[in-house]
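**Q** Supplied structure: work-v5.txt, compact mmCIF, C-alpha atoms and all ligand atoms.
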# COMPACT_ATOMS: atom_id res chain seq x y z
CA GLY A 1 2.13 -4.17 -24.89
CA MET A 2 -1.52 -4.37 -23.89
CA GLY A 3 -1.47 -1.15 -21.90
CA GLY A 4 -3.65 0.93 -24.17
CA ALA A 5 -6.67 3.09 -23.80
CA GLY A 6 -7.71 2.50 -20.21
CA ALA A 7 -4.24 2.52 -18.70
CA VAL A 8 -3.64 5.15 -16.06
CA VAL A 9 -0.30 6.87 -16.45
CA MET A 10 1.69 6.47 -13.27
CA ARG A 11 5.29 6.92 -14.17
CA PRO A 12 6.20 10.55 -13.87
CA GLY A 13 8.49 11.42 -16.74
CA SER A 14 11.86 9.76 -16.56
CA VAL A 15 11.96 9.34 -12.80
CA GLY A 16 12.33 5.78 -11.51
CA GLY A 17 11.06 3.25 -13.96
CA LYS A 18 13.53 2.40 -16.65
CA VAL A 19 16.47 1.46 -14.42
CA PRO A 20 16.83 -2.31 -14.49
CA LEU A 21 16.99 -3.92 -11.09
CA GLY A 22 20.29 -5.58 -11.86
CA LEU A 23 18.70 -8.89 -12.44
CA ARG A 24 16.62 -9.68 -15.44
CA ARG A 25 15.78 -13.30 -14.84
CA LYS A 26 13.20 -14.19 -17.44
CA GLY A 27 9.94 -15.80 -16.73
CA LEU A 28 9.51 -15.41 -12.98
CA ARG A 29 6.08 -16.47 -11.83
CA ILE A 30 4.85 -13.96 -9.30
CA VAL A 31 1.73 -13.79 -7.17
CA VAL A 32 0.54 -10.37 -6.07
CA THR A 33 -2.19 -10.66 -3.45
CA GLY A 34 -4.22 -7.46 -3.34
CA GLY A 35 -2.97 -6.78 -6.87
CA ALA A 36 -6.23 -5.13 -7.93
CA GLY A 37 -5.78 -2.47 -5.26
CA PHE A 38 -4.02 0.86 -5.29
CA VAL A 39 -0.40 -0.13 -4.58
CA GLY A 40 -0.74 -3.65 -5.94
CA SER A 41 -1.88 -2.58 -9.39
CA HIS A 42 1.09 -0.24 -9.81
CA LEU A 43 3.40 -3.05 -8.73
CA VAL A 44 1.75 -5.38 -11.24
CA ASP A 45 2.41 -2.86 -14.02
CA ARG A 46 6.13 -2.84 -13.25
CA LEU A 47 6.37 -6.63 -13.02
CA MET A 48 4.50 -7.09 -16.29
CA GLU A 49 6.76 -4.55 -17.94
CA ARG A 50 9.76 -6.52 -16.75
CA GLY A 51 8.41 -9.59 -18.53
CA ASP A 52 7.31 -11.63 -15.55
CA SER A 53 4.18 -13.76 -15.34
CA VAL A 54 1.85 -12.25 -12.81
CA ILE A 55 -1.07 -13.81 -10.97
CA VAL A 56 -3.24 -11.35 -9.08
CA VAL A 57 -5.21 -12.81 -6.20
CA ASP A 58 -7.84 -10.39 -4.94
CA ASN A 59 -11.33 -10.51 -3.42
CA PHE A 60 -12.21 -7.00 -4.68
CA PHE A 61 -13.08 -5.68 -1.22
CA THR A 62 -11.31 -2.41 -1.96
CA GLY A 63 -9.67 -3.32 -5.26
CA ARG A 64 -11.17 -2.83 -8.69
CA LYS A 65 -10.89 -4.64 -12.01
CA GLU A 66 -10.38 -1.25 -13.68
CA ASN A 67 -6.95 -1.07 -12.01
CA VAL A 68 -5.66 -4.07 -13.95
CA VAL A 69 -8.01 -4.26 -16.94
CA HIS A 70 -5.26 -3.07 -19.28
CA HIS A 71 -3.51 -6.42 -18.77
CA PHE A 72 -6.54 -8.54 -19.70
CA GLY A 73 -5.76 -10.67 -22.72
CA ASN A 74 -2.03 -10.69 -22.02
CA PRO A 75 -1.02 -14.36 -21.65
CA ASN A 76 1.44 -13.39 -18.88
CA PHE A 77 -1.40 -12.05 -16.74
CA GLU A 78 -4.01 -13.82 -14.67
CA LEU A 79 -6.62 -12.45 -12.29
CA ILE A 80 -8.14 -14.75 -9.67
CA ARG A 81 -11.05 -13.66 -7.50
CA HIS A 82 -10.11 -15.26 -4.22
CA ASP A 83 -10.13 -14.43 -0.53
CA VAL A 84 -6.73 -15.09 1.05
CA VAL A 85 -8.47 -16.20 4.25
CA GLU A 86 -9.13 -19.42 2.28
CA PRO A 87 -6.23 -21.69 1.27
CA ILE A 88 -5.11 -21.70 -2.34
CA LEU A 89 -2.74 -23.85 -4.41
CA LEU A 90 -0.46 -22.10 -6.92
CA GLU A 91 3.01 -22.78 -8.30
CA VAL A 92 5.12 -19.62 -8.16
CA ASP A 93 8.59 -18.19 -7.50
CA GLN A 94 7.70 -15.05 -5.55
CA ILE A 95 4.77 -13.81 -3.50
CA TYR A 96 4.12 -10.13 -2.89
CA HIS A 97 1.53 -10.24 -0.13
CA LEU A 98 -0.47 -7.00 -0.11
CA ALA A 99 -4.03 -8.22 0.42
CA CYS A 100 -5.53 -6.16 3.25
CA PRO A 101 -7.59 -2.97 3.30
CA ALA A 102 -5.30 -0.02 4.06
CA SER A 103 -7.61 2.92 4.70
CA PRO A 104 -8.83 3.26 8.31
CA VAL A 105 -12.41 3.63 7.07
CA HIS A 106 -12.13 0.33 5.19
CA TYR A 107 -10.25 -1.67 7.81
CA LYS A 108 -12.60 -0.55 10.60
CA PHE A 109 -15.66 -1.50 8.51
CA ASN A 110 -15.32 -5.16 9.51
CA PRO A 111 -12.51 -5.37 12.06
CA VAL A 112 -12.72 -9.13 12.58
CA LYS A 113 -12.41 -9.65 8.83
CA THR A 114 -9.37 -7.35 8.87
CA ILE A 115 -7.70 -9.48 11.53
CA LYS A 116 -8.53 -12.69 9.70
CA THR A 117 -7.07 -11.26 6.52
CA ASN A 118 -3.88 -10.25 8.30
CA VAL A 119 -3.46 -13.40 10.36
CA VAL A 120 -5.13 -16.30 8.52
CA GLY A 121 -4.53 -14.72 5.11
CA THR A 122 -0.84 -14.21 5.82
CA LEU A 123 -0.58 -17.72 7.29
CA ASN A 124 -2.04 -19.19 4.11
CA MET A 125 0.34 -17.27 1.87
CA LEU A 126 3.27 -18.32 4.05
CA GLY A 127 2.09 -21.94 3.86
CA LEU A 128 1.94 -21.60 0.09
CA ALA A 129 5.42 -20.06 -0.02
CA LYS A 130 6.75 -22.90 2.11
CA ARG A 131 5.18 -25.61 -0.04
CA VAL A 132 6.61 -24.31 -3.31
CA GLY A 133 9.79 -22.71 -1.96
CA ALA A 134 8.80 -19.20 -3.05
CA ARG A 135 10.25 -15.97 -1.70
CA PHE A 136 7.65 -14.08 0.35
CA LEU A 137 7.34 -10.32 0.83
CA LEU A 138 4.99 -8.88 3.46
CA THR A 139 3.69 -5.34 3.14
CA SER A 140 3.53 -4.28 6.74
CA THR A 141 2.93 -0.74 7.86
CA SER A 142 4.22 2.20 9.86
CA GLU A 143 1.17 1.54 12.04
CA VAL A 144 3.19 -1.14 13.83
CA TYR A 145 4.84 1.84 15.59
CA GLY A 146 1.42 2.95 16.89
CA ASP A 147 1.47 6.40 18.45
CA PRO A 148 5.26 6.50 18.43
CA LEU A 149 7.35 7.67 21.36
CA GLN A 150 10.44 7.82 19.13
CA HIS A 151 10.70 10.27 16.29
CA PRO A 152 11.54 9.67 13.51
CA GLN A 153 10.79 5.96 13.64
CA VAL A 154 13.68 3.52 13.24
CA GLU A 155 13.10 -0.15 12.44
CA THR A 156 14.53 -1.17 15.81
CA TYR A 157 11.75 0.72 17.63
CA TRP A 158 9.14 -1.72 18.99
CA GLY A 159 6.26 0.71 18.92
CA ASN A 160 3.50 1.99 21.14
CA VAL A 161 0.31 0.25 20.08
CA ASN A 162 -3.05 0.04 21.82
CA PRO A 163 -4.02 -3.66 21.69
CA ILE A 164 -7.73 -3.06 22.35
CA GLY A 165 -8.52 0.04 20.32
CA VAL A 166 -10.43 0.63 17.09
CA ARG A 167 -7.22 0.59 15.04
CA SER A 168 -5.90 -2.61 16.66
CA CYS A 169 -7.43 -4.94 14.05
CA TYR A 170 -5.01 -3.41 11.58
CA ASP A 171 -2.00 -2.49 13.76
CA GLU A 172 -1.93 -5.69 15.77
CA GLY A 173 -2.97 -7.70 12.71
CA LYS A 174 0.10 -6.45 10.87
CA ARG A 175 2.32 -7.00 13.91
CA THR A 176 1.14 -10.61 14.03
CA ALA A 177 1.70 -10.91 10.29
CA GLU A 178 5.30 -9.79 10.85
CA THR A 179 5.67 -12.34 13.64
CA LEU A 180 4.33 -15.15 11.45
CA THR A 181 6.65 -14.11 8.65
CA MET A 182 9.69 -14.24 10.92
CA ASP A 183 8.59 -17.56 12.44
CA TYR A 184 8.32 -19.16 8.99
CA HIS A 185 11.70 -17.66 8.16
CA ARG A 186 13.34 -19.10 11.25
CA GLY A 187 11.32 -22.30 11.50
CA ALA A 188 10.85 -23.33 7.88
CA ASN A 189 13.87 -21.57 6.40
CA LEU A 190 11.59 -19.54 4.18
CA GLU A 191 13.07 -16.61 2.26
CA VAL A 192 11.12 -13.59 3.49
CA ARG A 193 11.12 -9.80 3.19
CA ILE A 194 9.28 -7.27 5.35
CA ALA A 195 8.42 -3.73 4.26
CA ARG A 196 6.95 -1.19 6.69
CA ILE A 197 5.13 1.18 4.41
CA PHE A 198 4.40 4.78 5.38
CA ASN A 199 1.43 6.78 4.02
CA THR A 200 1.39 6.44 0.24
CA TYR A 201 -0.68 8.30 -2.34
CA GLY A 202 -1.09 8.41 -6.10
CA PRO A 203 -3.37 7.59 -9.02
CA ARG A 204 -5.94 4.79 -8.50
CA MET A 205 -6.49 5.44 -4.80
CA CYS A 206 -10.14 4.90 -4.00
CA ILE A 207 -11.73 8.32 -4.27
CA ASP A 208 -13.84 8.01 -1.15
CA ASP A 209 -11.63 5.81 1.00
CA GLY A 210 -11.41 8.38 3.78
CA ARG A 211 -7.64 8.74 3.71
CA VAL A 212 -6.47 12.28 4.07
CA VAL A 213 -4.82 12.79 0.67
CA SER A 214 -7.68 11.26 -1.30
CA ASN A 215 -10.21 13.17 0.80
CA PHE A 216 -8.51 16.56 0.37
CA VAL A 217 -7.94 16.11 -3.36
CA ALA A 218 -11.51 14.95 -4.05
CA GLN A 219 -12.90 17.71 -1.83
CA ALA A 220 -10.88 20.44 -3.54
CA LEU A 221 -11.94 19.20 -6.98
CA ARG A 222 -15.61 19.09 -5.94
CA LYS A 223 -15.37 22.56 -4.41
CA GLU A 224 -16.16 21.12 -0.99
CA PRO A 225 -14.32 22.22 2.15
CA LEU A 226 -11.18 20.27 3.12
CA THR A 227 -11.98 18.33 6.30
CA VAL A 228 -9.14 18.68 8.79
CA TYR A 229 -9.54 16.32 11.76
CA GLY A 230 -8.56 17.56 15.21
CA ASP A 231 -6.34 20.62 15.31
CA GLY A 232 -4.56 19.60 12.11
CA LYS A 233 -1.16 19.69 13.81
CA GLN A 234 -0.65 15.91 13.69
CA THR A 235 1.93 14.91 11.09
CA ARG A 236 2.35 12.28 8.40
CA SER A 237 5.01 11.65 5.77
CA PHE A 238 3.62 11.12 2.29
CA GLN A 239 5.23 8.92 -0.32
CA TYR A 240 4.40 8.81 -4.02
CA VAL A 241 3.37 5.35 -5.17
CA SER A 242 6.10 4.83 -7.80
CA ASP A 243 8.77 5.39 -5.14
CA LEU A 244 7.16 2.71 -2.98
CA VAL A 245 6.92 0.21 -5.83
CA GLU A 246 10.60 0.70 -6.64
CA GLY A 247 11.42 0.06 -2.96
CA LEU A 248 9.28 -3.08 -2.80
CA MET A 249 10.97 -4.54 -5.89
CA ARG A 250 14.46 -3.73 -4.63
CA LEU A 251 13.58 -5.32 -1.31
CA MET A 252 12.27 -8.48 -2.98
CA GLU A 253 15.31 -8.79 -5.25
CA GLY A 254 17.84 -7.89 -2.57
CA GLU A 255 19.29 -10.16 0.07
CA HIS A 256 18.05 -8.53 3.25
CA VAL A 257 15.04 -9.67 5.27
CA GLY A 258 14.32 -6.33 6.91
CA PRO A 259 12.08 -4.97 8.22
CA PHE A 260 12.65 -1.89 6.10
CA ASN A 261 10.85 1.42 6.44
CA LEU A 262 9.67 2.50 2.99
CA GLY A 263 8.45 6.06 3.14
CA ASN A 264 9.25 9.64 2.28
CA PRO A 265 10.86 11.48 5.20
CA GLY A 266 9.18 14.75 4.19
CA GLU A 267 6.91 15.41 7.18
CA PHE A 268 3.75 17.56 6.98
CA THR A 269 1.05 18.61 9.41
CA MET A 270 -2.45 18.09 8.04
CA LEU A 271 -2.77 21.88 7.81
CA GLU A 272 0.41 22.01 5.72
CA LEU A 273 -0.95 19.23 3.53
CA ALA A 274 -4.16 21.24 3.07
CA LYS A 275 -2.04 24.19 1.96
CA VAL A 276 -0.23 22.07 -0.66
CA VAL A 277 -3.61 20.85 -1.93
CA GLN A 278 -4.88 24.44 -2.09
CA ASP A 279 -1.77 25.53 -4.00
CA THR A 280 -2.11 22.59 -6.39
CA ILE A 281 -5.86 22.59 -7.04
CA ASP A 282 -7.73 25.57 -5.69
CA PRO A 283 -6.26 28.41 -3.62
CA ASN A 284 -9.79 29.30 -2.49
CA ALA A 285 -10.59 25.88 -1.06
CA ARG A 286 -11.94 26.34 2.45
CA ILE A 287 -10.86 24.35 5.49
CA GLU A 288 -13.38 22.86 7.91
CA PHE A 289 -12.35 21.34 11.23
CA ARG A 290 -13.88 18.05 12.36
CA ALA A 291 -13.46 15.94 15.48
CA ASN A 292 -10.50 13.59 15.18
CA THR A 293 -10.82 9.82 15.21
CA GLU A 294 -9.87 7.67 18.20
CA ASP A 295 -6.23 6.73 18.80
CA ASP A 296 -4.97 8.87 15.94
CA PRO A 297 -1.15 8.80 15.97
CA HIS A 298 0.25 12.28 16.61
CA LYS A 299 3.21 12.04 14.30
CA ARG A 300 4.91 9.79 11.85
CA LYS A 301 8.13 10.07 9.91
CA PRO A 302 10.36 7.28 8.66
CA ASP A 303 14.04 6.99 9.32
CA ILE A 304 15.12 5.42 6.02
CA THR A 305 18.84 5.04 6.72
CA ARG A 306 18.57 1.25 6.52
CA ALA A 307 16.84 1.22 3.13
CA LYS A 308 19.32 3.75 1.78
CA GLU A 309 22.30 1.72 2.90
CA LEU A 310 21.16 -1.81 2.19
CA LEU A 311 18.76 -1.37 -0.73
CA GLY A 312 20.25 1.74 -2.32
CA TRP A 313 16.75 3.16 -2.24
CA GLU A 314 15.27 6.52 -1.41
CA PRO A 315 12.18 8.35 -2.60
CA LYS A 316 12.58 10.66 -5.58
CA ILE A 317 9.25 12.46 -5.71
CA SER A 318 8.30 15.20 -3.28
CA LEU A 319 4.71 15.89 -2.25
CA ARG A 320 4.57 18.99 -4.42
CA GLN A 321 5.76 16.97 -7.43
CA GLY A 322 3.60 13.93 -6.80
CA LEU A 323 0.30 15.55 -5.96
CA PRO A 324 -0.37 16.93 -9.47
CA LEU A 325 0.19 13.43 -10.90
CA MET A 326 -2.56 12.12 -8.68
CA VAL A 327 -4.83 15.09 -9.31
CA SER A 328 -5.06 14.48 -13.05
CA ASP A 329 -6.22 10.90 -12.39
CA PHE A 330 -8.73 12.05 -9.75
CA ARG A 331 -10.02 14.81 -12.01
CA LYS A 332 -10.95 12.23 -14.67
CA ARG A 333 -12.63 9.96 -12.16
CA VAL A 334 -14.41 12.62 -10.08
CA PHE A 335 -15.83 14.32 -13.15
CA GLY A 336 -16.48 10.91 -14.71
CA ASP A 337 -15.53 11.09 -18.36
CA HIS A 338 -16.57 7.43 -18.45
CA THR A 339 -18.26 4.97 -16.09
CA ASP A 340 -18.71 7.20 -13.04
CA ALA A 341 -20.98 9.57 -14.93
CA ALA A 342 -24.14 8.47 -13.10
CA THR A 343 -22.97 9.78 -9.76
P1 LIG B 1 -5.98 -1.16 -1.13
O1 LIG B 1 -7.13 -1.25 -0.22
O2 LIG B 1 -6.09 -0.29 -2.33
O3 LIG B 1 -5.55 -2.61 -1.66
C1 LIG B 1 -5.73 -3.78 -0.91
C2 LIG B 1 -6.16 -4.87 -1.86
O4 LIG B 1 -6.31 -6.09 -1.13
C3 LIG B 1 -7.51 -4.59 -2.52
O5 LIG B 1 -7.43 -4.86 -3.90
C4 LIG B 1 -8.46 -5.54 -1.80
O6 LIG B 1 -9.58 -5.88 -2.60
C5 LIG B 1 -7.54 -6.69 -1.49
N1 LIG B 1 -7.99 -7.50 -0.35
C6 LIG B 1 -8.38 -7.06 0.88
N2 LIG B 1 -8.71 -8.11 1.67
C7 LIG B 1 -8.51 -9.23 0.91
C8 LIG B 1 -8.69 -10.62 1.16
N3 LIG B 1 -9.13 -11.08 2.35
N4 LIG B 1 -8.40 -11.50 0.17
C9 LIG B 1 -7.96 -11.04 -1.05
N5 LIG B 1 -7.78 -9.75 -1.32
C10 LIG B 1 -8.06 -8.85 -0.36
O7 LIG B 1 -4.73 -0.74 -0.25
P2 LIG B 1 -3.26 -0.32 -0.68
O8 LIG B 1 -3.07 1.09 -0.29
O9 LIG B 1 -2.99 -0.72 -2.07
O10 LIG B 1 -2.40 -1.21 0.32
C11 LIG B 1 -1.76 -2.39 -0.09
C12 LIG B 1 -0.98 -2.97 1.07
O11 LIG B 1 -0.02 -2.03 1.54
C13 LIG B 1 -1.85 -3.33 2.27
O12 LIG B 1 -1.40 -4.54 2.83
C14 LIG B 1 -1.62 -2.20 3.24
O13 LIG B 1 -1.79 -2.61 4.56
C15 LIG B 1 -0.18 -1.83 2.92
N6 LIG B 1 0.08 -0.42 3.28
C16 LIG B 1 -0.40 0.58 2.52
C17 LIG B 1 -0.18 1.90 2.90
C18 LIG B 1 -0.69 3.06 2.08
O14 LIG B 1 -0.53 4.20 2.50
N7 LIG B 1 -1.29 2.84 0.94
C19 LIG B 1 0.53 2.17 4.06
C20 LIG B 1 1.00 1.11 4.83
C21 LIG B 1 0.77 -0.19 4.42
N1 LIG B 2 -1.68 -23.37 2.47
C1 LIG B 2 -2.18 -22.83 1.30
N2 LIG B 2 -1.61 -23.19 0.09
C2 LIG B 2 -0.54 -24.02 0.03
C3 LIG B 2 -0.01 -24.53 1.21
C4 LIG B 2 -0.58 -24.18 2.43
O1 LIG B 2 -3.14 -22.06 1.31
O2 LIG B 2 -0.09 -24.26 -1.08
C5 LIG B 2 -2.27 -23.02 3.76
C6 LIG B 2 -2.71 -24.23 4.53
O3 LIG B 2 -4.05 -24.51 4.23
C7 LIG B 2 -2.52 -23.83 5.97
C8 LIG B 2 -1.54 -22.68 5.93
O4 LIG B 2 -1.29 -22.40 4.55
O5 LIG B 2 -3.74 -23.32 6.50
C9 LIG B 2 -0.25 -22.98 6.63
O6 LIG B 2 0.33 -24.07 5.97
P1 LIG B 2 1.49 -24.93 6.64
O7 LIG B 2 1.79 -26.06 5.73
O8 LIG B 2 2.62 -24.03 7.00
O9 LIG B 2 0.88 -25.38 8.00
P2 LIG B 2 -0.07 -26.60 8.34
O10 LIG B 2 -0.97 -26.86 7.18
O11 LIG B 2 0.85 -27.73 8.61
O12 LIG B 2 -0.81 -26.13 9.56
N1 LIG B 3 -7.35 13.24 8.34
C1 LIG B 3 -7.85 14.54 8.17
N2 LIG B 3 -8.88 14.73 7.31
C2 LIG B 3 -9.42 13.72 6.57
C3 LIG B 3 -8.91 12.41 6.73
C4 LIG B 3 -7.87 12.21 7.63
O1 LIG B 3 -7.36 15.50 8.79
O2 LIG B 3 -10.35 13.98 5.79
C5 LIG B 3 -6.20 13.04 9.24
C6 LIG B 3 -6.32 11.87 10.20
O3 LIG B 3 -6.94 12.29 11.40
C7 LIG B 3 -4.87 11.49 10.43
C8 LIG B 3 -4.19 11.85 9.12
O4 LIG B 3 -5.09 12.71 8.43
O5 LIG B 3 -4.32 12.29 11.45
C9 LIG B 3 -3.90 10.65 8.25
O6 LIG B 3 -5.08 9.87 8.14
P1 LIG B 3 -5.24 8.69 7.07
O7 LIG B 3 -6.57 8.10 7.32
O8 LIG B 3 -4.95 9.20 5.71
O9 LIG B 3 -4.06 7.66 7.38
P2 LIG B 3 -3.44 7.07 8.73
O10 LIG B 3 -2.03 7.56 8.72
O11 LIG B 3 -4.19 7.57 9.92
O12 LIG B 3 -3.56 5.61 8.58
Is it possible to give me this structure as structure tokens?
**A**
Amino acid sequence: GMGGAGAVVMRPGSVGGKVPLGLRRKGLRIVVTGGAGFVGSHLVDRLMERGDSVIVVDNFFTGRKENVVHHFGNPNFELIRHDVVEPILLEVDQIYHLACPASPVHYKFNPVKTIKTNVVGTLNMLGLAKRVGARFLLTSTSEVYGDPLQHPQVETYWGNVNPIGVRSCYDEGKRTAETLTMDYHRGANLEVRIARIFNTYGPRMCIDDGRVVSNFVAQALRKEPLTVYGDGKQTRSFQYVSDLVEGLMRLMEGEHVGPFNLGNPGEFTMLELAKVVQDTIDPNARIEFRANTEDDPHKRKPDITRAKELLGWEPKISLRQGLPLMVSDFRKRVFGDHTDAAT
């Protein structure tokens, strides 16, 4: 199709991808809010490939036109610059609601805006779904578990979240978004789906978004020290973006509301992650310790039993397999073989 020159390759070899989802209804009209962002743009690629009509709604706070430019000119694709905090009228069959900054640096930049996006933005998209009878999928987050007292985290765990901290605009915002979603489901009979996404990485992440994987990869490529916050013993579980997109689509097409944890159970300390980055990019990369940020969760690892059983989904790509796929994209962008050359 239109995916030519500028398209970033995201599908690693034969993994994922080609398997049809069991249903091949033609001509679905699908809105992806936040579709110009990291996860959203990969989702849009898969939906376009499947032959659906896709409308991306994005205010470009953290998203970029470059992420979807390869679809410009395709009559099945439309890009609308719009802030989901404002109402919008569209006629569609499905709504993937991703609009919301995901990196702590970005969501703390304007916390009130983050809350409005999560609460008012989600309310508007639910109102839209109700008016046209569309199925609605919310991309929630593992952050709803806060600094978890259960490990690994199961969907039935209610979490341990600070309501008045610097991360609350995001954590509590997403918790409220989940509440709204369930209230529209129960009250208005809306068809809804909830995904709780764990840390995800891959091509098209913002290079300087402050997340740990993008930081380490960019730092190693630039021959800068890898900045480990705190003692580096806190853990995260890192999922490659194509695995997540497959999970989101299975969730949307399946018959279960959720919530579903979508994440890779492979758990790493930040020091272990640094080691993988060293092995992948530069064995001589130095490590520099920095003070940790406030309220940083100590550990995080998804229990994905529910997604395995009810969606037939599990991640296929390990960190050591996925990281090189992201590195080649970052290498191009960091060393600017096109527009970034000035920096
Ligand atoms: P991202 O920042 O790359 O993408 C978010 C997109 O939403 C951007 O294109 C941004 O411009 C857009 N956006 C933000 N506020 C908006 C608004 N008010 N109106 C319209 N558009 C707006 O982040 P991502 O990593 O692609 O995350 C996508 C979704 O997945 C988010 O909802 C995030 O909370 C969730 N999530 C992501 C991760 C992860 O590790 N990437 C983990 C958990 C949850
Ligand atoms: N909304 C929207 N597009 C629509 C329908 C609704 O943006 O197509 C917004 C609407 O402006 C409202 C929100 O969604 O702010 C919730 O709508 P709903 O009809 O559920 O509630 P109400 O308008 O009755 O408060
Ligand atoms: N982190 C780090 N170095 C960095 C950026 C982050 O050690 O340059 C740590 C951070 O303190 C946290 C973990 O990496 O413990 C994951 O942070 P990130 O911002 O990627 O995502 P989070 O899971 O906190 O939303």
**Q** For a test of reading the model, state the distance in Å between CA of Leu126 in chain A and CA of Ala307 in chain A, rounded to one decimal.
**A**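 Between CA of Leu126 in chain A and CA of Ala307 in chain A the gap is 23.8 Å.
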**Q** Sort by chain and increasing residue number a table of all residues of chain A within 8 Å of ligand LIG 3 (chain B), each with its closest pair of atoms and their distance in Å to one decimal, counting all atoms listed in the file, and write it as JSON lines.
**A**
{"residue": "A:Ala102", "atom": "CA", "partner": "B:LIG3", "partner_atom": "O12", "distance": 7.4}
{"residue": "A:Ser103", "atom": "CA", "partner": "B:LIG3", "partner_atom": "O7", "distance": 5.9}
{"residue": "A:Pro104", "atom": "CA", "partner": "B:LIG3", "partner_atom": "O7", "distance": 5.4}
{"residue": "A:Val105", "atom": "CA", "partner": "B:LIG3", "partner_atom": "O7", "distance": 7.4}
{"residue": "A:Glu143", "atom": "CA", "partner": "B:LIG3", "partner_atom": "O12", "distance": 7.1}
{"residue": "A:Phe198", "atom": "CA", "partner": "B:LIG3", "partner_atom": "O10", "distance": 7.8}
{"residue": "A:Asn199", "atom": "CA", "partner": "B:LIG3", "partner_atom": "O10", "distance": 5.9}
{"residue": "A:Gly210", "atom": "CA", "partner": "B:LIG3", "partner_atom": "C3", "distance": 5.6}
{"residue": "A:Arg211", "atom": "CA", "partner": "B:LIG3", "partner_atom": "O8", "distance": 3.4}
{"residue": "A:Val212", "atom": "CA", "partner": "B:LIG3", "partner_atom": "C3", "distance": 3.6}
{"residue": "A:Val213", "atom": "CA", "partner": "B:LIG3", "partner_atom": "O8", "distance": 6.2}
{"residue": "A:Ser214", "atom": "CA", "partner": "B:LIG3", "partner_atom": "O8", "distance": 7.8}
{"residue": "A:Asn215", "atom": "CA", "partner": "B:LIG3", "partner_atom": "O2", "distance": 5.1}
{"residue": "A:Phe216", "atom": "CA", "partner": "B:LIG3", "partner_atom": "O2", "distance": 6.3}
{"residue": "A:Leu226", "atom": "CA", "partner": "B:LIG3", "partner_atom": "O2", "distance": 6.9}
{"residue": "A:Thr227", "atom": "CA", "partner": "B:LIG3", "partner_atom": "O2", "distance": 4.7}
{"residue": "A:Val228", "atom": "CA", "partner": "B:LIG3", "partner_atom": "O1", "distance": 3.6}
{"residue": "A:Tyr229", "atom": "CA", "partner": "B:LIG3", "partner_atom": "O1", "distance": 3.8}
{"residue": "A:Gly230", "atom": "CA", "partner": "B:LIG3", "partner_atom": "O3", "distance": 6.7}
{"residue": "A:Gly232", "atom": "CA", "partner": "B:LIG3", "partner_atom": "O1", "distance": 6.0}
{"residue": "A:Gln234", "atom": "CA", "partner": "B:LIG3", "partner_atom": "O5", "distance": 5.6}
{"residue": "A:Thr235", "atom": "CA", "partner": "B:LIG3", "partner_atom": "O5", "distance": 6.8}
{"residue": "A:Arg236", "atom": "CA", "partner": "B:LIG3", "partner_atom": "O10", "distance": 6.4}
{"residue": "A:Met270", "atom": "CA", "partner": "B:LIG3", "partner_atom": "O1", "distance": 5.6}
{"residue": "A:Leu271", "atom": "CA", "partner": "B:LIG3", "partner_atom": "O1", "distance": 7.9}
{"residue": "A:Arg290", "atom": "CA", "partner": "B:LIG3", "partner_atom": "N2", "distance": 7.8}
{"residue": "A:Asn292", "atom": "CA", "partner": "B:LIG3", "partner_atom": "O3", "distance": 5.4}
{"residue": "A:Thr293", "atom": "CA", "partner": "B:LIG3", "partner_atom": "O3", "distance": 6.0}
{"residue": "A:Asp296", "atom": "CA", "partner": "B:LIG3", "partner_atom": "O5", "distance": 5.7}
{"residue": "A:Pro297", "atom": "CA", "partner": "B:LIG3", "partner_atom": "O5", "distance": 6.5}
{"residue": "A:His298", "atom": "CA", "partner": "B:LIG3", "partner_atom": "O5", "distance": 6.9}
{"residue": "A:Arg300", "atom": "CA", "partner": "B:LIG3", "partner_atom": "O10", "distance": 7.9}
**Q** What is the distance between CA of Val69 in chain A and atom O13 of ligand LIG 1 (chain B), in Å to one decimal?
**A**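 Result for CA of Val69 in chain A versus atom O13 of ligand LIG 1 (chain B): 22.4 Å, one decimal.
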**Q** Write out as a count of residues only each polymer residue (protein, DNA or RNA) that has an atom no more than 6 Å from ligand LIG 2 (chain B), with only C-alpha atoms and all ligand atoms counted.
**A** 9
**Q** Between CA of Ile55 in chain A and CA of Arg29 in chain A, what is the distance in Å, rounded to a tenth?
**A** 7.7 Å
**Q** Of the candidates A:Asp171, A:Glu224, A:Asp243, A:Asp93, which one gets nearest to Asp295 in chain A if we count only C-alpha atoms?
**A**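 Smallest separation from Asp295 in chain A among the options: A:Asp171.
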**Q** So, with only C-alpha atoms as the atoms that count, which of A:Gly173, A:Gly254, A:Gly263, A:Gly202 lies closest to Ser328 in chain A?
**A**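 Using only C-alpha atoms, the shortest distance to Ser328 in chain A belongs to A:Gly202.
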**Q** Pick from A:Ile115, A:Val32, A:Ile287, A:Ile80: nearest to His97 in chain A, with only C-alpha atoms counted?
**A**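 Of A:Ile115, A:Val32, A:Ile287, A:Ile80, the one nearest His97 in chain A is A:Val32, counting only C-alpha atoms.
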**Q** Which of these, A:Pro163, A:Gly73, A:Gly27, A:Pro283, has the shortest distance to Gly51 in chain A once you count all atoms listed in the file?
**A**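 Going through A:Pro163, A:Gly73, A:Gly27, A:Pro283 one by one, the smallest distance to Gly51 in chain A is for A:Gly27.
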**Q** Of the candidates A:Lys65, A:Leu319, A:Val257, A:Leu28, which one gets nearest to Met48 in chain A if we count all atoms listed in the file?
**A**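 Of A:Lys65, A:Leu319, A:Val257, A:Leu28, the one nearest Met48 in chain A is A:Leu28, counting all atoms listed in the file.
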